[in-house]
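Student: Here you go, one structure.
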Amino acid sequence: MRILLVADGRSPITRNWIRMIDSLDHQVVLLSTFPHKPIQNIQGHYILPIGFSSIAGSQVKSKGQGKLSRIGVFVALFRPLLMRIRAFLTPLLMPRYQARFLEYVKRIKPDIVHALRIPFEGMLAAALPKGTPLIVSIWGNDLTLHAKTSKLMAFQTHNALDRADGLMADAARDIQLAKKIGIKESIPSIVVPGSGGLDLGAVHGTAKDSSIDKYEIPVSVPLIINPRGFRPGSVHQDVFFQSISYILEEVPKAHFVCTGMCGQPRAEKWLRYYGIISSVSLLPFIPQEELWALYLNADVYMSLSSHDGTPNSFLEAIACGCFPVVGNIASLREWIDHGKNGLLVEPRDARAAADAVISILRDKNLREYAGVINQEIVADRADIRQVKKIVRNFYKQFK
């Protein structure tokens, strides 16, 4: 079966999904909405930039070690504004993008089209004529955040869901929200990790074999990792940095590692403002195996989000035994029993977040107990072998 995947080709989630589909013996053709590096295991690829996607995101780097290029600095400084402009303009321009999309579909002749999120891939694929099945994946804040940014975004979101023949989400909450919006009750749906599942053997083995020495992170100190980068409107990094000053009052040796923040003007400003420069390592976007090694060495995974699904970083962190302190939102309540295998906090309350981290750093027994529980949960619900079976049967419905 030939599957046309409409996705962000830069994303590790997209690349993991491609590997998973390839292992099911399906042909994968990628239509990426962002320029990206070459990808293996695909039968063909096309690039259709949407909005500002040719320059969007803060991952634009110069040739230096993790330093942002001039474009990257500009995007980092004005990203919230650019995102609002993009959310307004892109729906207006969608008919133009859809016309080009349909040209690619005629050329590729897919058996199934699968859009890996709603804005803007699912919106793009909504132009697909009836007869070719369309599967739409919902990512964490597609419905709770992006769909509410404007009337046009709400309309395009509804249009994508209305056209969908099948629905995937990484949280049961989003399936329920889609039904409230008006998706047909008869449409097949499944809840699986957005990345297609974790190869737990590879995660554990690679994490143990990977070195993070080059980042000069202190050893034998309480280590907290925040791998979420900057996601305006959903992950409250301003609150995170404020909480660090409170944590250090009680645990002065604690050290914080933030990936995807090297060279970010806002992060550097907060370090200076709170006087916490020596206690924080701002790292660039790092290879996956090094991120896993960081999880293996860290005590706490911290993500203060108010809009999220089930972040892949969350699953990887708890698979490596990292204790989660995360925003108290519906999607994460599907995984965490507060006080048992994680702590849920008000994501906009720096003091509450700090108190949670302080308490768990002082409770080694609970950290170890939670680590055992979380590895069992991940093995049961996120192991790639289990996910493959579910996805294989789901795709079969659309032959």
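Labeling convention for the structure tokens: chains A, B, ... as they appear, residues from 1 per chain, ligands from 1 in order of appearance.
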Got a sec to tell me which of segment 168-319 of chain A DSSP assigns to strand (DSSP E or B), as a PyMOL selection string?

Tutor: chain A and resi 168-169+189-191+198+223-226+235+255-258+280-282+300-303+305

Student: How would the residues just chosen look if you wrote them out with N, CA and C atoms as a JSON list (two decimals), in the first residue's frame?

Tutor:
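This is the output file part_20.json:
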```json
[["chain", "number", "residue", "atom", "x", "y", "z"],
["A", 168, "MET", "N", -6.44, 9.72, 14.26],
["A", 168, "MET", "CA", -5.49, 9.25, 15.26],
["A", 168, "MET", "C", -5.18, 10.40, 16.22],
["A", 169, "ALA", "N", -4.92, 10.05, 17.47],
["A", 169, "ALA", "CA", -4.51, 11.06, 18.45],
["A", 169, "ALA", "C", -3.64, 10.38, 19.48],
["A", 189, "SER", "N", -11.25, 5.51, 14.90],
["A", 189, "SER", "CA", -10.24, 6.31, 15.59],
["A", 189, "SER", "C", -9.42, 5.42, 16.51],
["A", 190, "ILE", "N", -8.17, 5.80, 16.73],
["A", 190, "ILE", "CA", -7.30, 5.10, 17.66],
["A", 190, "ILE", "C", -6.48, 6.12, 18.45],
["A", 191, "VAL", "N", -6.02, 5.70, 19.61],
["A", 191, "VAL", "CA", -5.12, 6.51, 20.44],
["A", 191, "VAL", "C", -3.79, 5.78, 20.52],
["A", 198, "LEU", "N", 7.76, 3.76, 20.98],
["A", 198, "LEU", "CA", 9.16, 3.76, 21.36],
["A", 198, "LEU", "C", 9.77, 2.37, 21.20],
["A", 223, "LEU", "N", 19.64, 16.68, 39.20],
["A", 223, "LEU", "CA", 19.60, 17.14, 37.80],
["A", 223, "LEU", "C", 18.16, 17.17, 37.31],
["A", 224, "ILE", "N", 17.76, 18.33, 36.79],
["A", 224, "ILE", "CA", 16.41, 18.52, 36.25],
["A", 224, "ILE", "C", 16.54, 18.86, 34.77],
["A", 225, "ILE", "N", 15.77, 18.19, 33.92],
["A", 225, "ILE", "CA", 15.84, 18.44, 32.48],
["A", 225, "ILE", "C", 14.52, 18.99, 31.96],
["A", 226, "ASN", "N", 14.64, 20.00, 31.12],
["A", 226, "ASN", "CA", 13.50, 20.60, 30.42],
["A", 226, "ASN", "C", 13.84, 20.58, 28.93],
["A", 235, "VAL", "N", 3.74, 25.98, 26.29],
["A", 235, "VAL", "CA", 4.71, 25.62, 27.33],
["A", 235, "VAL", "C", 5.22, 26.91, 27.96],
["A", 255, "HIS", "N", 20.92, 21.37, 39.40],
["A", 255, "HIS", "CA", 21.35, 21.89, 38.10],
["A", 255, "HIS", "C", 20.26, 21.59, 37.07],
["A", 256, "PHE", "N", 20.07, 22.54, 36.14],
["A", 256, "PHE", "CA", 18.98, 22.46, 35.18],
["A", 256, "PHE", "C", 19.55, 22.43, 33.76],
["A", 257, "VAL", "N", 19.05, 21.49, 32.96],
["A", 257, "VAL", "CA", 19.49, 21.34, 31.58],
["A", 257, "VAL", "C", 18.30, 21.63, 30.66],
["A", 258, "CYS", "N", 18.49, 22.58, 29.74],
["A", 258, "CYS", "CA", 17.41, 23.00, 28.84],
["A", 258, "CYS", "C", 17.88, 22.82, 27.41],
["A", 280, "VAL", "N", 22.37, 26.62, 35.32],
["A", 280, "VAL", "CA", 21.59, 26.21, 34.15],
["A", 280, "VAL", "C", 22.51, 26.00, 32.95],
["A", 281, "SER", "N", 22.29, 24.89, 32.24],
["A", 281, "SER", "CA", 22.98, 24.64, 30.97],
["A", 281, "SER", "C", 21.99, 24.79, 29.84],
["A", 282, "LEU", "N", 22.20, 25.78, 28.97],
["A", 282, "LEU", "CA", 21.36, 25.95, 27.78],
["A", 282, "LEU", "C", 22.03, 25.22, 26.63],
["A", 300, "VAL", "N", 14.66, 14.55, 37.38],
["A", 300, "VAL", "CA", 13.33, 15.10, 37.15],
["A", 300, "VAL", "C", 13.20, 15.60, 35.72],
["A", 301, "TYR", "N", 12.07, 15.28, 35.10],
["A", 301, "TYR", "CA", 11.66, 15.84, 33.81],
["A", 301, "TYR", "C", 10.62, 16.90, 34.11],
["A", 302, "MET", "N", 10.81, 18.10, 33.58],
["A", 302, "MET", "CA", 9.93, 19.22, 33.91],
["A", 302, "MET", "C", 9.35, 19.82, 32.64],
["A", 303, "SER", "N", 8.03, 19.90, 32.57],
["A", 303, "SER", "CA", 7.35, 20.49, 31.42],
["A", 303, "SER", "C", 6.09, 21.17, 31.91],
["A", 305, "SER", "N", 3.30, 22.81, 30.78],
["A", 305, "SER", "CA", 2.47, 23.11, 29.61],
["A", 305, "SER", "C", 1.00, 23.18, 30.00]]
```

Student: Residues near segment 85-96 of chain A, anyone? I mean within 7 Å using only C-alpha atoms, not counting same-chain ones fewer than 5 positions away, as JSON, numbers by chain.

Tutor: {"A": [51, 52, 124, 152, 153, 156]}

Student: Of the candidates A:Ala254, A:Val239, A:Ala356, A:Ile318, which shows the shortest atom-to-atom distance to Ser306 of chain A, using only C-alpha atoms?

Tutor: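 Nearest to Ser306 of chain A: A:Val239.
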
Student: Taking only C-alpha atoms into account, name the residue in A:Ile42, A:Ala178, A:Val203, A:Ala330 that is nearest to His158 of chain A.

Tutor: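 Smallest separation from His158 of chain A among the options: A:Ala178.
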
Student: In terms of the shortest atom-to-atom distance over only C-alpha atoms, which of A:Ile18, A:Leu271, A:Ile108, A:Ala7 is closest to Gly122 of chain A?

Tutor: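 Ranked by minimum distance to Gly122 of chain A, first place goes to A:Ala7.
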